[in-house]
Structures are given as C-alpha cells and as structure tokens.
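Contents: one structure, followed by commentary.
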Amino acid sequence: MVRHKFVTVDPDKCVGCRICEYVCSLEKDKVFNPTRSRIRVIRIYPTTNASLTCRLCEDAPCVIACPRKALTQSEETGVIMVDDDLCNGCGWCIEACDFGAICLDPDKKVVRICDLCSNREGGPACVEWCPEEALEQTTKDILSQKARIGAVQRLVKAAETSKAA
Amino acid sequence: MNAYTGKILYVDLTSGRSKTGIFNEDFARAYIGGTGFGIKTLIDNQEPGIDPFDPQNPLIYAVGAASGTMVPCASSKFGVFAKSPASNLLGEAYSTGQWGAELRQAGYDIVVIKGKSPKPAYLWIDDESVQRMDASHLWGKTTWDTEETIRNDLGDQLIRVSAIGPAGEKLVRTACLLNDHFRAAGRTGLGAVAGSKNLKAVAVRGTHDVKVAQPEELRELCKDLYERCKGPATSKYRGLGTPANVLTLNAQGALPTRNYQSATFEGAETVSGEYLNEHFVTKIEGCTACPCRCEHIAEVREGPFKGAIARVEYEPTMAFGPYCGVDRLDAVIKAIEYCNLYGVDAISTGIVVGFGMECYERELITKEDTGGLELEFGNGEAMVEMVKKIALRKDVGDVLAEGVKRASEKIGRGSEHFAMHIKGVEVTGYELRGLKTCALGYAVSRRGADHQRHGSYGWDLGGKVDRFKADKGRGKLVMGDEDVYCIFDSMILCKFTRGIWDFDLIAKVYSLVTGIPMTGAELLKAGERMSNLARLYNVREGLTRKGDTLPPRIMKDPIPSGVAKGSYVNQEDLDILLDGYYEARGWTKEGVPKKEKLKELGLEAYANIAGKEES
C-alpha cells in the first residue's frame, strides 16, 4: 500500500481559504456547499489552518466499523468505496475515522468519502485548485522521505548555528 | 434566480419572533446585493428621523450577489446597515472572514433586526430555525470570549458569530461588530446599535447548497480569475499588505500625523509594513474562497505587550502609529488587539485617542481626567490604556467614547478646530489637505469621513491630476469612483482585487452566478442608483450641502512641512469641488437628486424626499 497516493496538507502553507471545500462540492455535486465537501478545513484560532481528507488507512477502521459492509477498500488505489444501496447513514464509520474524513450526504443520507476524483482527468480537484500549493497527492513513503530530509536540514542548520556562535 | 436565496429574515427582538419575506428578480437586478440591498432595505424599513438608539432603528445584514460561491474574494463578505449613532445618517460597514457565506448557506440574503430584547440576547440562525437566545452570561464578555462561548454552548465549532464587545453594550459610538476573531464591520458605530437592542451577537450556521446558474462556465472563468488574483494586480496585499502605505504616504506627505498636525512622521520606519513583516507577522491567512490571502497576523513576542495578537492593516497602523505619534509597533498591535476584544473600530478609536492627546497637550483635559495617564503624543502605553478606557467608558474615556465630534462639543475651548471628523465619523489615513480629489470624495462620502466609498486618492497619488488644485472636473471623477465602488460593495467583491476586474467581466460573473442577464453598463447604472438612493436617505435624515464639508483644520491650517507643505482645502476650493460633483450627479446646488435623475434611475417612489428641497 506504500504506493497509494492520498491528499495531504502542509499546515505551514494552508491559509484556511476553504477553496478546496468549494471545488470539491462543485466537482462532486455541482453546487457550492462545504457541508458536502469530502475535504474539510480546520481553523484553530489564531493561526492554525489545515485541510483534512481520507488518508487511505491500512485495514481502514471505517471499513471494519461498517455493520452493513457498505464500505470496501480498493486493492488497486486504496480508496474507500461506498455502496449507496447498503449504507444507511448510521455514522459508525464517521466515529471510527480519526481524521473526520467522512461526511454524510445531506440529501441521500449516505456517507461520502474522498475518492481522489477518480473520474476526473488530472486527479483531485482540490490539489489542482489550492492557491497556496498546500495540498499534494502523495504516498506515505514520500511523506516519510520528506520528513527525513527536513530532519537532516534542521540538524545541519543547528550545527552551523552552533559553529558560528 | 440562482445563487440568491430570495429570502429576507425579519426579526423582532422585543417579542423574539421572526418571519421570512421574499424578494424577486426585479429587486435583485436593480440592487444587486450588499450595499444596494442594505440601503434599499434601510430606507424602506426605517421611520424617518428616528434616533439611532430607538429600538425601531433596523440593524440590517446583507450578503453580496456572489456570496457562498467560488468567485474570488466574494464569498464571505457582508454589509451591516442601520442609522448611524456617529453621523445620524447612513450607517454602513463591511466585514469578511467566513460569516457572510454562512448566512447565505443558512438560506438568507438579508436579515432585518428590529426591537429591543427585554434582556441580553443573541440571535441564533440555524438554517430554518431562528431563535432569540439568552445572553446574560455573555454580557460584559469580549468578542473572542463571546464567539468561543457560543460555539461551545451550541456544540458546533463551525458556527460563525458576529458579536459586540463591552463597548457596544455601553453604546460607545465607535463600537463595531467583530466576527471570525479578526474581522470587523467597523465603521459608523453599528456595534452600539446592536448594544442598544440588547443584542450581543448574531450566530449563524448554514448547510444549504448555493446553486449557480452555470457552474461549468463559472469554474472555467474562475480559473483565469484565480490566476489574476495571484498576479501583479494583488501583489501589494499578498506581500507587505496594506501597511506598505506607511512609507509610501509618508514620502508623499500624505500620512496623517499627530492628530493631523503634520503630514509626515519621523518615526514612520518602525511602524512601516516592512518593519511589521520582518519583526511581527507570524502567519498570513485568507477569507473563504480567497486565492490572494492578505490577513497579516502579527504577534508581539517580547516586552510589555508580549502576547498581543492582531490582524494588522494600514488604517489601524496609521491611527495608532503616526496619528498618535507612536513609533512602536508592539503598542500598535496591542491597541488593535484591545479594539478587537472590546469591540471598537480601530480607525475611529485611534483618531479619538489622537484627539485626546492633543487636548491633553493643550491642557484641555488633565491627568486627573485621564485617570493618571500621561496622554502625550508618542506615549504608547498611555494610548493602549486609553483604548480600554474609551471602550469601557472610564474617566475621560466616557467623553471620548462619544467620538471626536461630540467630545469636542463637550470639551469646547477651541477643540472643535482639531476634531477630525466628517459628518460625525472620524477621518481615515489619507492627509486630505494635499489630496484635493480625495478631499472631495471624503466631503461627500455617504457614511462620513471615508476612503472606502470612492478610493479617489488614486487620482491624486497616482499623479493623474494636480493633487494640490481644486477644479470642477474632480466631481465627475469622484462620482465615477463611487458608482464603481457601489458595484464592488454590492457583489460584494474584495476591493483588494479591484485591479483584476472590469465592468463587463463583473457583469459576466454576475450572469453566470445568478442566471440574470447583465451588462457592464447596467451594473454601472445600478451603482449610480445605489449612490443616489443613499443620498436620498441622507437627505431624508437631514443632510444638506452644509454637511458635505471638511474639518476646520483641513480648511484653515496649511500642511507645515514635507512635499505637500502649504497645502490645504479652503472654502472656495470646497465650493468648486462640490459644485462640480453635484452637477456631475444631476443634483441641485443643495446636493439633492433632481426628479429627472430619479426617473432615469427608477427611483420615482422617493421623489417626495427630493421634492421638499427642489421646489
């Protein structure tokens, strides 16, 4: 599953503009409504901003939690698929998700989860539209690689600072 | 109609009851949204000549035509309207953040709040459910506490709150309504109108769809608009932000300093946008559906004001920096933070403090009056404390809380000469003595001293006219600026994006969003209609040509130094400017719209207001 790409955010870059929410609801439901968005922005005052959506967990807790087997995870992409005929909107998956990445469709009363805009050319709309380039579609392997590079850069910088001092 | 909800929520705070009214396409087309909706609703729902603190003075919220959509920088804006306790004329203020979009998602474009709650209350709009909630536990709380407490009480962190602080409760005439922590409907004292109704806040949560007429076409157009929003037309706001003006205006001799005693400030460097960004800005945030993001959040990390945090723009920086002779940004940030927490307009309140400082230096008020503060120009600590005293009406703060017009009338002894207000509303950050087109814009601005109704400083500072000379031609320029700004304030588009738009493009967006055919020329006509309706409102409430004036200091004391040295706007200048403006507008010499103008704009229903003056 290391190859599965999901949408992740850099909170340092995110400004909380919610454009991802707007384009998601437009892409999926042809309307503007953050309540329908599969990606959600959290702002914690004063200055913390981040967007969260499905992280394609291994042995996804939402799939395990579903009492009606309405959720399945794609082997190929890692995306959680919802069977609208089986889902009755009970919300156990919503509680099971640590990231608040599942929402309830206000009309159909079935759950909605990011599918990485699987039918859209060019991948997830939110990533393409994010004006700050704070969103990116990436794999967990690349994320850990980035973290390693960041750690080494900080180490080098600290060494240089202590040398200078 | 698409995008528009077509709904008006009427609330009677006295009984706690509410009802929903509707508006049709003709209304939408004629008044667009925002300022158009606000002015129209105010003139039609307010008994003429009413006292601003009368419970029947309607407090009106209105969103723009493109609210709740992805149109850049238009989603979350909203206007607040009422008869102003500062001017006794049109009260009008705008805010942004997230609140506006939420109101449209809840299903309303306009909210009209009348009456007075028997005890402190807040209004809770939860989609279709509208309730008057007890706010006894919120009375006396800061705006931030109020926002957080309401969210926690109701258990939903996405509730948006437009709240007053203690200043609004105490009817301070510079009181504002604050939302989303850092955004204020600041000007013309509307927080005091809410306070007079025992209304602590309006909390909104909306979950409905906003449907636009042509979503695919709008998306395609927005791609281009977003790119423009990230380009050179907005780079100032994304870069240093509006505080970049400090050094620009200082160099041009147009920076109001020490209560307008000077047009340049020797301490400008350390209150500049450059200094701010290098030493204090920790994060830049954006409003809903804004690809530009301009909110420069500044934090003080050390010293006596350690921990202070505020969103810093040019105007409050001017008001608490040069205007008070203060060259320390830590004090400026703290003063703005207090303005936000206690709920006062940071522009007007800074001007009031500057006025207090001049009174103190001229010994018109004493250390006893100030409760021990040495309220001298440059004293940052005293300035910060004074903000709190004004907001809480302590000591001489009780007098200053009335705004500089009423305070100077009370203090007397020549202080009227340097009470820097127009129509009872305090001046803003452009030194009018050497900016004569801009001076006209301020003199005729419908909400009192204001740069945001016209932006006419652009002609003067851009070198497109002789800034030191008055001629009749300026009237047409100011008129054009006002009508364009009406379009912006009705859509409601952020003025920081003004460089990316032209009329036809705005009209195109309007049509794609609402499905109502519109042209650039029709939009401009709608802008003119709003300007005229606002004038009719002000005439009805008692405004005459005499009210379109400037503070005595601007008309008598020349600028003492700098590139604008010697300049001022005398009565002759002002008369030339006003004559030119009234003529361009099709108004009488007294500044009243003529009947043929009203007919042209479809405002015949208001001919009785014009009739009085014209016969």
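Just remember, in the structure tokens the first chain shown is A, the second B, etc., residues are 1-based per chain, and ligands are 1-based in the order shown.
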Helix (DSSP H, G or I) call set, DSSP backbone run, range 363-444 of chain B, as number ranges by chain: B: 380-392, 397-400, 403-411, 415-418, 432-434, 436-444
Once you count only C-alpha atoms, which residues of chain B turn out to be within 7 Å of chain A? Could you give them as a PDB file with C-alpha atoms, in the first residue's frame?
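Everything below was put into iface_3.pdb:
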ATOM      1  CA  GLY B  68     -21.230  31.475  -0.937  1.00  0.00           C
ATOM      2  CA  THR B  69     -19.666  30.817  -4.353  1.00  0.00           C
ATOM      3  CA  MET B  70     -16.090  30.333  -5.508  1.00  0.00           C
ATOM      4  CA  THR B 207     -25.802  23.850   5.492  1.00  0.00           C
ATOM      5  CA  HIS B 208     -27.734  24.534   2.295  1.00  0.00           C
ATOM      6  CA  ASP B 209     -26.418  24.406  -1.244  1.00  0.00           C
ATOM      7  CA  VAL B 210     -25.618  27.572  -3.152  1.00  0.00           C
ATOM      8  CA  LYS B 211     -26.545  26.782  -6.734  1.00  0.00           C
ATOM      9  CA  PRO B 215     -21.350  26.082 -12.779  1.00  0.00           C
ATOM     10  CA  LYS B 283       1.109  33.954   9.616  1.00  0.00           C
ATOM     11  CA  ILE B 284      -0.880  35.153   6.623  1.00  0.00           C
ATOM     12  CA  GLU B 285      -4.419  33.817   6.425  1.00  0.00           C
ATOM     13  CA  GLY B 286      -7.259  34.085   3.934  1.00  0.00           C
ATOM     14  CA  CYS B 287     -11.015  34.553   3.926  1.00  0.00           C
ATOM     15  CA  THR B 288     -13.361  31.981   2.457  1.00  0.00           C
ATOM     16  CA  ALA B 289     -12.731  31.456  -1.277  1.00  0.00           C
ATOM     17  CA  CYS B 290      -9.827  33.895  -1.441  1.00  0.00           C
ATOM     18  CA  PRO B 291      -6.914  32.947  -3.657  1.00  0.00           C
TER      19      PRO B 291
END
Expected answer as a ChimeraX atom specification: strand (DSSP E or B) residues in range 145-310 of chain B: /B:160-163,175,177-179,183-185,199-205,210,257,262,281-285,295-299,309-310
Can I get the selection written as a CSV table (one decimal), in the first residue's frame, with N, CA and C atoms?
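again.csv, freshly written:
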chain,number,residue,atom,x,y,z
B,160,ARG,N,-20.6,30.6,12.9
B,160,ARG,CA,-20.0,31.9,12.7
B,160,ARG,C,-20.7,33.0,13.6
B,161,VAL,N,-19.9,33.8,14.2
B,161,VAL,CA,-20.5,34.7,15.2
B,161,VAL,C,-20.1,36.2,14.9
B,162,SER,N,-21.1,37.1,14.7
B,162,SER,CA,-20.8,38.5,14.6
B,162,SER,C,-21.2,39.1,15.9
B,163,ALA,N,-20.3,39.6,16.7
B,163,ALA,CA,-20.6,39.9,18.1
B,163,ALA,C,-20.1,41.3,18.5
B,175,ALA,N,-18.3,51.8,18.4
B,175,ALA,CA,-18.3,50.4,18.6
B,175,ALA,C,-18.6,49.7,17.3
B,177,LEU,N,-18.9,45.5,15.2
B,177,LEU,CA,-19.3,44.1,15.3
B,177,LEU,C,-18.1,43.3,14.8
B,178,LEU,N,-17.6,42.4,15.6
B,178,LEU,CA,-16.5,41.6,15.2
B,178,LEU,C,-16.9,40.2,14.9
B,179,ASN,N,-16.3,39.6,13.8
B,179,ASN,CA,-16.6,38.2,13.5
B,179,ASN,C,-15.3,37.5,13.2
B,183,ARG,N,-12.0,40.0,12.1
B,183,ARG,CA,-12.7,40.8,11.0
B,183,ARG,C,-13.8,41.6,11.7
B,184,ALA,N,-13.9,42.8,11.3
B,184,ALA,CA,-14.9,43.7,11.9
B,184,ALA,C,-15.7,44.5,10.9
B,185,ALA,N,-17.0,44.6,11.1
B,185,ALA,CA,-17.8,45.6,10.5
B,185,ALA,C,-17.6,46.8,11.4
B,199,LEU,N,-28.6,43.3,22.0
B,199,LEU,CA,-28.2,42.2,21.1
B,199,LEU,C,-26.7,42.0,21.2
B,200,LYS,N,-26.3,40.9,21.8
B,200,LYS,CA,-24.9,40.6,21.9
B,200,LYS,C,-24.2,40.1,20.7
B,201,ALA,N,-24.9,39.3,19.9
B,201,ALA,CA,-24.3,38.6,18.7
B,201,ALA,C,-25.4,38.1,17.8
B,202,VAL,N,-24.9,37.9,16.6
B,202,VAL,CA,-25.7,37.1,15.6
B,202,VAL,C,-24.9,35.9,15.2
B,203,ALA,N,-25.4,34.7,15.6
B,203,ALA,CA,-24.7,33.4,15.4
B,203,ALA,C,-25.4,32.7,14.2
B,204,VAL,N,-24.6,32.2,13.3
B,204,VAL,CA,-25.2,31.6,12.1
B,204,VAL,C,-24.5,30.3,11.7
B,205,ARG,N,-25.3,29.3,11.3
B,205,ARG,CA,-24.8,28.1,10.8
B,205,ARG,C,-25.7,27.7,9.6
B,210,VAL,N,-25.5,26.4,-2.4
B,210,VAL,CA,-25.6,27.6,-3.2
B,210,VAL,C,-25.5,27.1,-4.6
B,257,THR,N,-0.5,62.7,10.8
B,257,THR,CA,0.4,62.5,11.9
B,257,THR,C,0.0,63.5,13.1
B,262,SER,N,0.6,67.2,11.3
B,262,SER,CA,1.7,67.1,10.3
B,262,SER,C,1.3,66.0,9.3
B,281,VAL,N,4.9,39.7,11.9
B,281,VAL,CA,4.0,38.9,11.2
B,281,VAL,C,4.4,37.4,11.4
B,282,THR,N,3.4,36.6,11.9
B,282,THR,CA,3.7,35.2,12.1
B,282,THR,C,3.0,34.3,11.1
B,283,LYS,N,1.9,34.8,10.5
B,283,LYS,CA,1.1,34.0,9.6
B,283,LYS,C,0.3,34.9,8.7
B,284,ILE,N,0.1,34.4,7.5
B,284,ILE,CA,-0.9,35.2,6.6
B,284,ILE,C,-2.0,34.2,6.3
B,285,GLU,N,-3.2,34.7,6.6
B,285,GLU,CA,-4.4,33.8,6.4
B,285,GLU,C,-5.3,34.4,5.4
B,295,GLU,N,-4.5,38.5,5.1
B,295,GLU,CA,-4.6,38.8,6.6
B,295,GLU,C,-3.2,38.6,7.2
B,296,HIS,N,-2.5,39.7,7.5
B,296,HIS,CA,-1.2,39.6,8.1
B,296,HIS,C,-1.5,39.5,9.6
B,297,ILE,N,-1.3,38.3,10.2
B,297,ILE,CA,-1.5,38.2,11.6
B,297,ILE,C,-0.1,38.5,12.3
B,298,ALA,N,-0.2,39.5,13.2
B,298,ALA,CA,1.1,39.9,13.9
B,298,ALA,C,1.0,39.6,15.3
B,299,GLU,N,2.1,39.1,15.9
B,299,GLU,CA,2.2,38.8,17.3
B,299,GLU,C,3.4,39.5,17.9
B,309,ILE,N,-1.9,40.0,19.9
B,309,ILE,CA,-2.0,39.4,18.6
B,309,ILE,C,-3.1,40.2,17.9
B,310,ALA,N,-2.9,40.5,16.6
B,310,ALA,CA,-3.9,41.2,15.8
B,310,ALA,C,-3.6,41.1,14.3
Neighbour list for Leu550 in chain B as a PyMOL selection string, cut-off 8 Å, only C-alpha atoms, skip fewer than 3 positions in-chain: chain B and resi 421-422+439+442-443+554-555
Keeping N, CA and C atoms for every residue in the selection just given, could you write it to a file as a short mmCIF file (atom, residue, chain, number, x, y, z; two decimals), in the first residue's frame?
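Below is the file that was written, out.cif:
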data_model
loop_
_atom_site.label_atom_id
_atom_site.label_comp_id
_atom_site.auth_asym_id
_atom_site.auth_seq_id
_atom_site.Cartn_x
_atom_site.Cartn_y
_atom_site.Cartn_z
N HIS B 421 -13.25 64.95 12.06
CA HIS B 421 -14.36 64.08 11.64
C HIS B 421 -15.09 64.74 10.48
N ILE B 422 -15.83 63.95 9.75
CA ILE B 422 -16.75 64.47 8.74
C ILE B 422 -18.10 63.81 9.00
N ALA B 439 -10.15 64.72 -1.12
CA ALA B 439 -10.87 65.56 -0.15
C ALA B 439 -12.34 65.67 -0.54
N TYR B 442 -14.09 62.45 0.34
CA TYR B 442 -14.39 62.40 1.78
C TYR B 442 -15.56 63.31 2.14
N ALA B 443 -15.56 64.51 1.55
CA ALA B 443 -16.58 65.51 1.93
C ALA B 443 -17.98 65.01 1.59
N ILE B 554 -8.45 71.10 8.28
CA ILE B 554 -8.16 70.82 6.87
C ILE B 554 -8.43 72.06 6.01
N MET B 555 -9.37 72.89 6.47
CA MET B 555 -9.76 74.05 5.67
C MET B 555 -9.03 75.34 6.08
#
Selected residue of minimal separation from Ile102 in chain A among A:Leu155, A:Ala164, A:Cys62, A:Ala147, counting only C-alpha atoms: A:Cys62
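Taking only C-alpha atoms into account, Leu56 in chain A lies nearest to A:Leu116 out of the set A:Cys24, A:Leu116, A:Val82, A:Cys93.
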Long-range neighbours of Ile80 in chain A as a list of chain:residue names, 8 Å cut-off, only C-alpha atoms, 2 positions minimum in chain: A:Leu56, A:Val63, A:Leu71, A:Thr72, A:Gln73, A:Ser74, A:Gly78, A:Val82, A:Ile113, A:Cys114, A:Asp115
Residues within 9 Å of Lys69 in chain A, only C-alpha atoms, excluding chain neighbours under 3 positions, as a PyMOL selection string: chain A and resi 63-66+72+83+86-87
Separation of CA of Ala74 in chain B from CA of Leu90 in chain B, in Å and rounded to one decimal: 23.2 Å
Considering only C-alpha atoms, tabulate each residue of range 80-190 of chain B that lies at most 8 Å from range 327-348 of chain B along with its nearest interatomic pair and the corresponding distance in Å to one decimal; arrange the rows by chain and ascending residue number and present them as a Markdown table.
| residue | atom | partner | partner_atom | distance |
| --- | --- | --- | --- | --- |
| B:Thr142 | CA | B:Leu341 | CA | 5.0 |
| B:Thr143 | CA | B:Leu341 | CA | 5.2 |
| B:Trp144 | CA | B:Leu341 | CA | 6.2 |
| B:Ile164 | CA | B:Gly343 | CA | 5.6 |
| B:Gly165 | CA | B:Gly343 | CA | 4.4 |
| B:Pro166 | CA | B:Tyr342 | CA | 5.4 |
| B:Ala167 | CA | B:Gly343 | CA | 5.7 |
| B:Gly168 | CA | B:Gly343 | CA | 6.6 |
| B:Val172 | CA | B:Val344 | CA | 7.8 |
| B:Thr174 | CA | B:Val344 | CA | 5.5 |
| B:Ala175 | CA | B:Val344 | CA | 4.1 |
| B:Cys176 | CA | B:Val344 | CA | 4.9 |
| B:Leu177 | CA | B:Gly343 | CA | 6.4 |
| B:Leu178 | CA | B:Gly343 | CA | 6.5 |
| B:His181 | CA | B:Asn340 | CA | 7.7 |
| B:Phe182 | CA | B:Asn340 | CA | 7.0 |
| B:Ala184 | CA | B:Asp345 | CA | 7.7 |
| B:Gly186 | CA | B:Asp345 | CA | 4.7 |
| B:Arg187 | CA | B:Asp345 | CA | 6.0 |
| B:Gly189 | CA | B:Asp345 | CA | 7.7 |
9 Å contact set for Leu461 in chain B, only C-alpha atoms, chain neighbours under 6 positions out, as a PyMOL selection string: chain B and resi 249+252+254+435+467
Go ahead and write the selection's residues with C-alpha atoms as an mmCIF file, in the first residue's frame.
data_model
loop_
_atom_site.group_PDB
_atom_site.id
_atom_site.type_symbol
_atom_site.label_atom_id
_atom_site.label_comp_id
_atom_site.auth_asym_id
_atom_site.auth_seq_id
_atom_site.Cartn_x
_atom_site.Cartn_y
_atom_site.Cartn_z
ATOM 1 C CA LEU B 249 2.274 58.033 2.060
ATOM 2 C CA GLN B 252 4.253 61.766 -0.449
ATOM 3 C CA ALA B 254 0.062 62.377 2.931
ATOM 4 C CA LEU B 435 -5.117 65.426 -1.928
ATOM 5 C CA ARG B 467 -3.357 66.949 -6.290
#
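For the choices B:Thr248, B:Gly49, B:Val212, B:Arg553, the atom-to-atom distance to Gly462 in chain B is smallest for B:Thr248 when using only C-alpha atoms.
Take CA of Asp489 in chain B and CA of Pro48 in chain B: the distance between them is 24.5 Å.
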Gap from CA of Trp139 in chain B to CA of Gly195 in chain B - Å, one decimal: 10.0 Å
For Val111 in chain A: contacts at 7 Å, only C-alpha atoms, fewer than 6 positions along chain excluded, given as JSON, numbers by chain: {"A": [89, 102, 103, 104, 105]}
Keeping only C-alpha atoms, take the residues you just selected and write them out as a PDB file, in the first residue's frame.
ATOM      1  CA  GLY A  89     -26.094   6.577   7.183  1.00  0.00           C
ATOM      2  CA  ILE A 102     -16.102  11.019   6.361  1.00  0.00           C
ATOM      3  CA  CYS A 103     -19.221  13.108   5.928  1.00  0.00           C
ATOM      4  CA  LEU A 104     -22.905  12.470   5.475  1.00  0.00           C
ATOM      5  CA  ASP A 105     -24.619  13.480   2.244  1.00  0.00           C
TER       6      ASP A 105
END
